[in-house]
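S.K.: Quick one, structure-v9.csv (CSV, C-alpha atoms and all ligand atoms):
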```csv
chain,number,residue,atom,x,y,z
K,1,MET,CA,0.0,0.0,0.0
K,2,SER,CA,1.3,3.5,-0.9
K,3,PRO,CA,2.0,5.9,2.1
K,4,PRO,CA,-0.7,8.4,2.7
K,5,ALA,CA,-0.3,11.7,0.8
K,6,ALA,CA,1.4,14.5,2.8
K,7,PRO,CA,-1.3,17.0,3.9
K,8,ALA,CA,-1.4,20.3,2.1
K,9,VAL,CA,-1.5,23.7,3.7
K,10,LYS,CA,-2.8,27.0,2.1
K,11,VAL,CA,0.1,29.3,1.4
K,12,TRP,CA,-0.9,31.7,-1.4
K,13,ASP,CA,-4.2,33.6,-0.9
K,14,ARG,CA,-6.6,34.3,-3.7
K,15,PRO,CA,-5.4,37.9,-4.5
K,16,VAL,CA,-1.7,36.8,-4.7
K,17,ARG,CA,-2.7,34.1,-7.3
K,18,LEU,CA,-5.1,36.3,-9.2
K,19,LEU,CA,-2.6,39.2,-9.3
K,20,HIS,CA,0.3,36.9,-10.4
K,21,TRP,CA,-1.5,35.4,-13.4
K,22,THR,CA,-3.1,38.7,-14.4
K,23,LEU,CA,0.4,40.2,-14.4
K,24,VAL,CA,1.7,37.3,-16.5
K,25,VAL,CA,-1.0,37.8,-19.0
K,26,SER,CA,-0.7,41.6,-19.2
K,27,VAL,CA,3.1,41.6,-19.6
K,28,ALA,CA,2.8,38.9,-22.3
K,29,LEU,CA,0.1,41.0,-24.1
K,30,GLY,CA,2.3,44.2,-23.5
K,31,TRP,CA,5.0,42.5,-25.6
K,32,LEU,CA,2.6,41.0,-28.1
K,33,THR,CA,1.0,44.4,-28.9
K,34,THR,CA,4.4,45.8,-29.9
K,35,PHE,CA,4.1,43.4,-33.0
K,36,TRP,CA,0.3,43.4,-33.4
K,37,TRP,CA,-2.5,45.8,-32.4
K,38,PHE,CA,-0.3,48.5,-31.0
K,39,GLY,CA,-3.5,50.5,-30.2
K,40,ALA,CA,-4.0,48.2,-27.2
K,41,HIS,CA,-0.4,48.5,-26.0
K,42,GLN,CA,-0.9,51.5,-23.6
K,43,PRO,CA,-4.1,50.3,-21.9
K,44,ILE,CA,-2.5,46.9,-21.4
K,45,GLY,CA,0.6,48.5,-19.9
K,46,TRP,CA,-1.7,50.5,-17.5
K,47,ILE,CA,-3.3,47.2,-16.4
K,48,ALA,CA,0.1,45.8,-15.6
K,49,LEU,CA,0.9,48.9,-13.5
K,50,VAL,CA,-2.4,48.7,-11.6
K,51,VAL,CA,-1.7,45.0,-10.9
K,52,VAL,CA,1.7,45.9,-9.5
K,53,ALA,CA,0.2,48.7,-7.4
K,54,LEU,CA,-2.4,46.3,-6.0
K,55,ARG,CA,0.3,43.8,-5.2
K,56,LEU,CA,2.3,46.4,-3.3
K,57,VAL,CA,-0.8,47.2,-1.2
K,58,TRP,CA,-1.4,43.5,-0.6
K,59,GLY,CA,2.2,43.1,0.5
K,60,PHE,CA,1.3,45.1,3.6
K,61,ALA,CA,-2.4,44.1,4.0
K,62,GLY,CA,-2.5,40.5,2.7
K,63,SER,CA,-2.3,37.2,4.5
K,64,ARG,CA,0.9,35.9,6.1
K,65,TYR,CA,2.8,34.7,3.1
K,66,ALA,CA,1.7,37.6,0.9
K,67,ARG,CA,3.4,40.1,3.2
K,68,PHE,CA,6.8,41.6,2.1
K,69,ALA,CA,7.9,41.5,5.8
K,70,GLN,CA,7.5,37.7,5.7
K,71,PHE,CA,9.8,37.1,2.7
K,72,VAL,CA,12.0,40.1,2.0
K,73,HIS,CA,15.1,39.9,4.1
K,74,ALA,CA,18.5,41.6,3.9
K,75,PRO,CA,20.5,40.7,0.7
K,76,ARG,CA,22.9,38.7,2.9
K,77,ALA,CA,20.1,36.2,3.5
K,78,ALA,CA,19.8,35.7,-0.2
K,79,LEU,CA,23.6,35.2,-0.5
K,80,ALA,CA,23.6,32.7,2.3
K,81,TYR,CA,20.7,30.8,0.6
K,82,LEU,CA,22.7,30.9,-2.7
K,83,ARG,CA,25.7,29.4,-1.0
K,84,LYS,CA,23.6,26.6,0.6
K,85,MET,CA,22.0,26.0,-2.8
K,86,ARG,CA,25.4,25.5,-4.4
K,87,ARG,CA,26.2,22.9,-1.7
K,88,GLY,CA,22.8,21.3,-2.3
K,89,ASP,CA,21.5,21.8,1.3
K,90,GLU,CA,19.2,24.8,1.1
K,91,PRO,CA,16.2,24.5,3.3
K,92,ARG,CA,12.6,24.4,1.9
K,93,HIS,CA,10.7,27.6,2.5
K,94,LEU,CA,6.9,27.4,2.8
K,95,GLY,CA,6.7,31.0,1.5
K,96,HIS,CA,9.1,32.6,-1.1
K,97,ASN,CA,12.8,31.7,-0.5
K,98,PRO,CA,15.2,34.6,0.2
K,99,LEU,CA,16.6,34.5,-3.3
K,100,GLY,CA,13.3,34.2,-5.0
K,101,ALA,CA,12.1,37.2,-2.9
K,102,TRP,CA,14.7,39.5,-4.4
K,103,MET,CA,13.7,38.3,-7.8
K,104,ILE,CA,10.1,39.3,-7.0
K,105,VAL,CA,11.3,42.8,-5.9
K,106,ALA,CA,13.3,43.1,-9.2
K,107,LEU,CA,10.3,42.0,-11.3
K,108,LEU,CA,7.9,44.4,-9.6
K,109,LEU,CA,10.3,47.3,-9.9
K,110,CYS,CA,11.1,46.6,-13.5
K,111,VAL,CA,7.4,46.6,-14.4
K,112,ILE,CA,7.0,50.0,-12.7
K,113,ALA,CA,10.0,51.4,-14.5
K,114,LEU,CA,8.8,50.0,-17.8
K,115,CYS,CA,5.3,51.5,-17.5
K,116,ILE,CA,6.6,54.9,-16.2
K,117,THR,CA,9.1,55.2,-19.1
K,118,GLY,CA,6.3,54.1,-21.6
K,119,TRP,CA,4.0,56.8,-20.2
K,120,LEU,CA,6.8,59.5,-20.2
K,121,TYR,CA,7.3,58.7,-23.9
K,122,THR,CA,3.6,59.6,-24.6
K,123,THR,CA,3.8,63.0,-22.8
K,124,ASP,CA,4.0,66.2,-24.9
K,125,ALA,CA,7.3,67.1,-23.2
K,126,LEU,CA,9.1,63.8,-24.0
K,127,TRP,CA,7.3,62.5,-27.1
K,128,GLY,CA,10.0,61.3,-29.5
K,129,ASP,CA,12.8,61.6,-26.9
K,130,ALA,CA,15.4,59.1,-27.9
K,131,THR,CA,16.6,58.5,-24.3
K,132,VAL,CA,13.2,57.7,-22.9
K,133,GLU,CA,12.5,55.4,-25.9
K,134,MET,CA,15.8,53.6,-25.3
K,135,LEU,CA,15.0,53.3,-21.6
K,136,HIS,CA,11.5,51.9,-22.3
K,137,ARG,CA,12.9,49.3,-24.6
K,138,SER,CA,15.8,48.4,-22.3
K,139,PHE,CA,13.4,47.9,-19.4
K,140,ALA,CA,11.2,45.7,-21.6
K,141,TRP,CA,14.3,43.5,-22.5
K,142,ALA,CA,15.5,43.5,-18.9
K,143,LEU,CA,12.1,42.3,-17.7
K,144,LEU,CA,12.2,39.5,-20.3
K,145,ALA,CA,15.6,38.4,-18.9
K,146,LEU,CA,14.3,38.5,-15.3
K,147,ILE,CA,11.3,36.4,-16.4
K,148,VAL,CA,13.6,33.8,-17.9
K,149,LEU,CA,15.6,33.6,-14.6
K,150,HIS,CA,12.4,33.6,-12.6
K,151,VAL,CA,10.8,30.7,-14.5
K,152,GLY,CA,14.2,28.9,-14.4
K,153,GLY,CA,14.3,29.4,-10.6
K,154,VAL,CA,10.7,28.1,-10.3
K,155,ILE,CA,11.6,25.0,-12.3
K,156,PHE,CA,14.9,24.4,-10.4
K,157,THR,CA,13.2,24.7,-7.0
K,158,SER,CA,10.2,22.5,-8.1
K,159,LEU,CA,12.7,19.8,-9.1
K,160,ARG,CA,14.8,20.1,-5.9
K,161,GLN,CA,11.8,20.0,-3.6
K,162,ARG,CA,9.8,17.5,-5.6
K,163,GLU,CA,6.9,19.8,-5.5
K,164,ASN,CA,5.2,21.5,-8.5
K,165,LEU,CA,5.3,25.2,-7.5
K,166,VAL,CA,3.3,26.2,-10.6
K,167,THR,CA,0.4,24.1,-9.3
K,168,SER,CA,0.8,25.8,-5.9
K,169,MET,CA,0.5,29.2,-7.6
K,170,LEU,CA,-2.7,28.0,-9.2
K,171,ASN,CA,-4.4,26.3,-6.2
K,172,GLY,CA,-2.6,28.1,-3.4
K,173,GLU,CA,-1.5,24.9,-1.6
K,174,LYS,CA,1.9,23.4,-0.7
K,175,ARG,CA,3.0,20.3,1.1
K,176,ALA,CA,2.8,20.7,4.9
K,177,PRO,CA,6.2,21.8,6.4
K,178,ARG,CA,8.5,19.2,7.9
K,179,ASP,CA,10.8,19.9,10.9
K,180,ASP,CA,13.8,21.3,8.9
K,181,ASP,CA,11.6,23.5,6.6
K,182,VAL,CA,11.3,27.3,7.1
K,183,ALA,CA,7.6,27.8,7.7
X,201,LIG,C1,5.4,38.0,-17.0
X,201,LIG,C2,6.0,37.0,-16.4
X,201,LIG,C3,6.0,36.9,-14.9
X,201,LIG,C4,6.1,37.8,-13.9
X,201,LIG,C5,6.1,39.4,-14.1
X,201,LIG,C6,6.0,37.1,-12.7
X,201,LIG,C7,6.1,37.7,-11.4
X,201,LIG,C8,6.0,37.0,-10.2
X,201,LIG,C9,5.8,37.6,-8.9
X,201,LIG,C10,5.7,39.2,-8.7
X,201,LIG,C11,5.8,36.7,-8.0
X,201,LIG,C12,5.5,36.8,-6.5
X,201,LIG,C13,4.1,36.3,-6.2
X,201,LIG,C14,3.5,37.1,-5.1
X,201,LIG,O1,4.0,36.9,-3.9
X,201,LIG,O2,2.7,37.9,-5.3
X,201,LIG,C15,5.9,35.4,-8.7
X,201,LIG,C16,5.9,34.2,-8.1
X,201,LIG,C17,5.8,33.0,-8.8
X,201,LIG,N1,5.7,32.8,-10.1
X,201,LIG,FE1,5.9,34.3,-11.5
X,201,LIG,N2,6.0,35.8,-12.9
X,201,LIG,C18,5.9,35.6,-14.3
X,201,LIG,C19,5.8,34.4,-14.9
X,201,LIG,C20,5.7,33.2,-14.4
X,201,LIG,C21,5.5,32.0,-15.1
X,201,LIG,C22,5.4,31.9,-16.6
X,201,LIG,C23,5.4,31.0,-14.2
X,201,LIG,C24,5.2,29.5,-14.4
X,201,LIG,C25,6.1,28.8,-15.0
X,201,LIG,C26,5.5,31.6,-12.9
X,201,LIG,C27,5.5,30.9,-11.7
X,201,LIG,C28,5.6,31.5,-10.4
X,201,LIG,C29,5.6,30.7,-9.2
X,201,LIG,C30,5.5,29.2,-9.1
X,201,LIG,C31,5.8,31.7,-8.2
X,201,LIG,C32,5.9,31.3,-6.7
X,201,LIG,C33,7.3,31.1,-6.4
X,201,LIG,C34,7.6,30.5,-5.0
X,201,LIG,O3,7.1,29.4,-4.8
X,201,LIG,O4,8.2,31.2,-4.2
X,201,LIG,N3,5.7,32.9,-13.0
X,201,LIG,N4,6.0,35.7,-10.0
X,202,LIG,C1,3.6,45.5,-19.9
X,202,LIG,C2,4.2,46.6,-20.0
X,202,LIG,C3,4.9,47.0,-21.3
X,202,LIG,C4,5.7,46.3,-22.1
X,202,LIG,C5,6.2,44.9,-22.0
X,202,LIG,C6,6.2,47.2,-23.1
X,202,LIG,C7,7.1,46.9,-24.2
X,202,LIG,C8,7.4,47.7,-25.2
X,202,LIG,C9,8.4,47.5,-26.2
X,202,LIG,C10,9.2,46.2,-26.3
X,202,LIG,C11,8.4,48.5,-27.1
X,202,LIG,C12,9.3,48.7,-28.3
X,202,LIG,C13,8.6,48.3,-29.6
X,202,LIG,C14,9.5,48.4,-30.8
X,202,LIG,O1,10.7,48.2,-30.7
X,202,LIG,O2,8.9,48.7,-31.8
X,202,LIG,C15,7.4,49.5,-26.6
X,202,LIG,C16,7.1,50.6,-27.3
X,202,LIG,C17,6.3,51.6,-26.8
X,202,LIG,N1,5.6,51.5,-25.6
X,202,LIG,FE1,5.6,50.1,-24.3
X,202,LIG,N2,5.6,48.5,-23.0
X,202,LIG,C18,4.8,48.4,-21.8
X,202,LIG,C19,4.0,49.4,-21.2
X,202,LIG,C20,3.8,50.7,-21.8
X,202,LIG,C21,3.0,51.7,-21.3
X,202,LIG,C22,2.3,51.7,-19.9
X,202,LIG,C23,3.0,52.7,-22.1
X,202,LIG,C24,2.4,54.1,-22.1
X,202,LIG,C25,1.4,54.4,-21.3
X,202,LIG,C26,3.8,52.3,-23.3
X,202,LIG,C27,4.1,53.1,-24.4
X,202,LIG,C28,4.9,52.7,-25.5
X,202,LIG,C29,5.1,53.5,-26.7
X,202,LIG,C30,4.4,54.9,-26.9
X,202,LIG,C31,6.0,52.8,-27.5
X,202,LIG,C32,6.5,53.2,-28.8
X,202,LIG,C33,7.9,53.7,-28.7
X,202,LIG,C34,8.5,53.7,-30.1
X,202,LIG,O3,8.1,54.5,-30.9
X,202,LIG,O4,9.4,52.9,-30.3
X,202,LIG,N3,4.3,51.0,-23.0
X,202,LIG,N4,6.9,49.0,-25.5
```
Would you write out, as structure tokens, the structure that this file holds?
Ligand code: HEM
Ligand code: HEM
M.R.:
Amino acid sequence: MSPPAAPAVKVWDRPVRLLHWTLVVSVALGWLTTFWWFGAHQPIGWIALVVVALRLVWGFAGSRYARFAQFVHAPRAALAYLRKMRRGDEPRHLGHNPLGAWMIVALLLCVIALCITGWLYTTDALWGDATVEMLHRSFAWALLALIVLHVGGVIFTSLRQRENLVTSMLNGEKRAPRDDDVA
């Protein structure tokens, strides 16, 4: 007989999951509309910015694992986690791990910078400004690079912890913590 399945605990609340997947769709459409239907580009960019603004509010008002105070620690915690990862003995975190946390900060800041430079480019004062245009494009490419690293990190951690983190971001549940996990 197979052992009973490990019990699951709720980690990601509904707003975290909803905002995550809305951000994914709006960033994807933000890119897509630079090739096709550019008329929708700016409204979609605004949606991405509103999603990030809501996520920032939820980072202070949300449930335990949604709060920045729960998962954003000093950079040295991320470096210590990275060192453990290289030795193959990093602990499992029920919320975001310290390295993933800084990636989340970088992703959110990059979307903000991207949308602000996009908006600046549409203002009368800066319309056609080559520097703003270059900055907007650079942030778009930087965001793409961060997303590749982010998805790589998600796949790596999923394999290491034998737990599908993408499913967790969909249903909000993760395997219950064991003694040596960081809960
Ligand atoms: C536009 C692309 C993406 C952006 C901007 C993005 C952004 C983010 C952000 C901000 C978080 C933090 C969630 C929170 O606490 O609110 C997060 C977490 C997460 N994302 Fe993404 N994401 C993107 C694409 C993806 C994709 C394509 C996947 C699936 C392969 C994915 C899977 C996850 C997972 C599993 C987590 C939770 C990580 C953990 O367990 O600590 N993301 N992402
Ligand atoms: C999800 C967020 C966004 C992404 C991924 C994104 C991405 C891009 C990219 C890659 C380009 C360059 C297209 C090219 O090379 O032809 C571009 C151009 C542009 N974007 Fe955005 N953008 C976003 C948000 C915004 C926002 C919020 C605004 C304004 C409110 C905006 C306004 C513009 C404008 C006016 C251009 C044309 C610049 C030019 O003539 O090259 N974007 N965007």
S.K.: Mind checking which residues fall within 8 Å of Val11 (chain K), counting all atoms listed in the file, ignoring those fewer than 5 positions away in the same chain, and posting them as an mmCIF file with C-alpha atoms, in the frame of the given file?
M.R.:
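Final output, around.cif:
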```cif
data_model
loop_
_atom_site.group_PDB
_atom_site.id
_atom_site.type_symbol
_atom_site.label_atom_id
_atom_site.label_comp_id
_atom_site.auth_asym_id
_atom_site.auth_seq_id
_atom_site.Cartn_x
_atom_site.Cartn_y
_atom_site.Cartn_z
ATOM 1 C CA TYR K 65 2.800 34.700 3.100
ATOM 2 C CA LEU K 94 6.900 27.400 2.800
ATOM 3 C CA GLY K 95 6.700 31.000 1.500
ATOM 4 C CA GLY K 172 -2.600 28.100 -3.400
ATOM 5 C CA GLU K 173 -1.500 24.900 -1.600
ATOM 6 C CA LYS K 174 1.900 23.400 -0.700
#
```
S.K.: Would you give me, as a Markdown table, each residue of chain K having an atom within 6 Å of an atom of ligand LIG 202 (chain X), along with its shortest atom pair and that distance in Å to one decimal, using only C-alpha atoms and all ligand atoms and sorting by chain and residue number?
M.R.:
```
| residue | atom | partner | partner_atom | distance |
| --- | --- | --- | --- | --- |
| K:Ser26 | CA | X:LIG202 | C1 | 5.8 |
| K:Val27 | CA | X:LIG202 | C1 | 3.9 |
| K:Gly30 | CA | X:LIG202 | C1 | 4.0 |
| K:Trp31 | CA | X:LIG202 | C5 | 4.5 |
| K:Thr34 | CA | X:LIG202 | C13 | 4.9 |
| K:Gln42 | CA | X:LIG202 | C23 | 4.3 |
| K:Gly45 | CA | X:LIG202 | C22 | 3.6 |
| K:Trp46 | CA | X:LIG202 | C22 | 4.8 |
| K:Ala48 | CA | X:LIG202 | C1 | 5.6 |
| K:Leu114 | CA | X:LIG202 | C18 | 5.9 |
| K:Cys115 | CA | X:LIG202 | C22 | 3.8 |
| K:Gly118 | CA | X:LIG202 | C26 | 3.5 |
| K:Trp119 | CA | X:LIG202 | C24 | 3.7 |
| K:Tyr121 | CA | X:LIG202 | C30 | 5.6 |
| K:Thr122 | CA | X:LIG202 | C30 | 5.3 |
| K:Glu133 | CA | X:LIG202 | C33 | 5.6 |
| K:Arg137 | CA | X:LIG202 | C9 | 5.1 |
| K:Ala140 | CA | X:LIG202 | C7 | 5.0 |
```
S.K.: Residues within 7 Å of ligand LIG 201 (chain X) should be enumerated using all atoms listed in the file and returned as an NGL selection string.
M.R.: :K and (16-17 or 19-20 or 23-25 or 27-28 or 55 or 66 or 95-97 or 100 or 104 or 107-108 or 147 or 150-151 or 154 or 165-166 or 168-169)
S.K.: As an exercise, work out the distance from CA of Phe139 (chain K) to CA of Leu120 (chain K) in Å and give it to one decimal place.
M.R.: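 The value is 13.4 Å.
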S.K.: Please write as a ChimeraX atom specification the list of polymer residues whose atoms come within 12 Å of (7.2, 18.9, -2.0), counting all atoms listed in the file and keeping to the coordinates of the file.
M.R.: /K:5-9,91-94,157-168,173-178,181
S.K.: Separation of CA of Thr33 (chain K) and CA of Ile47 (chain K), in Å?
M.R.: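 Result for CA of Thr33 (chain K) versus CA of Ile47 (chain K): 13.5 Å, one decimal.
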S.K.: What separation in Å, quoted to one decimal, exists between CA of Ala101 (chain K) and CA of Asp179 (chain K)?
M.R.: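 These atoms are spaced 22.2 Å apart.
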S.K.: Considering all atoms listed in the file, state which residue in the set K:Phe156, K:Leu144, K:His41, K:Asn171 is at the smallest distance from Gly88 (chain K).
M.R.: K:Phe156
S.K.: Ranking K:Leu170, K:Leu126, K:Ala80, K:Val72 by minimum distance to Met103 (chain K) and counting all atoms listed in the file, which one comes first?
M.R.: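 Checking each of K:Leu170, K:Leu126, K:Ala80, K:Val72 against Met103 (chain K), counting all atoms listed in the file, the winner is K:Val72.
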S.K.: Counting all atoms listed in the file, what is within 12 Å of Trp102 (chain K), bar same-chain residues fewer than 2 positions away, as a compact mmCIF listing (two decimals) with C-alpha atoms, in the coordinates of the input?
M.R.:
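And here is the file that came out, selection_33.txt:
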```txt
# COMPACT_ATOMS: atom_id res chain seq x y z
CA PHE K 68 6.80 41.60 2.10
CA PHE K 71 9.80 37.10 2.70
CA VAL K 72 12.00 40.10 2.00
CA HIS K 73 15.10 39.90 4.10
CA ALA K 74 18.50 41.60 3.90
CA PRO K 75 20.50 40.70 0.70
CA ARG K 76 22.90 38.70 2.90
CA ALA K 77 20.10 36.20 3.50
CA ALA K 78 19.80 35.70 -0.20
CA LEU K 79 23.60 35.20 -0.50
CA TYR K 81 20.70 30.80 0.60
CA LEU K 82 22.70 30.90 -2.70
CA HIS K 96 9.10 32.60 -1.10
CA ASN K 97 12.80 31.70 -0.50
CA PRO K 98 15.20 34.60 0.20
CA LEU K 99 16.60 34.50 -3.30
CA GLY K 100 13.30 34.20 -5.00
CA ILE K 104 10.10 39.30 -7.00
CA VAL K 105 11.30 42.80 -5.90
CA ALA K 106 13.30 43.10 -9.20
CA LEU K 107 10.30 42.00 -11.30
CA LEU K 108 7.90 44.40 -9.60
CA LEU K 109 10.30 47.30 -9.90
CA LEU K 146 14.30 38.50 -15.30
CA LEU K 149 15.60 33.60 -14.60
CA HIS K 150 12.40 33.60 -12.60
CA GLY K 153 14.30 29.40 -10.60
```
S.K.: Identify which of the residues K:Lys10, K:Pro15, K:Leu143, K:Thr117 lies closest to Gly62 (chain K), counting only C-alpha atoms when measuring atom-to-atom distances.
M.R.: K:Pro15
S.K.: Of the candidates K:Ala40, K:Met85, K:Ala69, K:Ile112, which one gets nearest to Val52 (chain K) if we count all atoms listed in the file?
M.R.: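 Ranked by minimum distance to Val52 (chain K), first place goes to K:Ile112.
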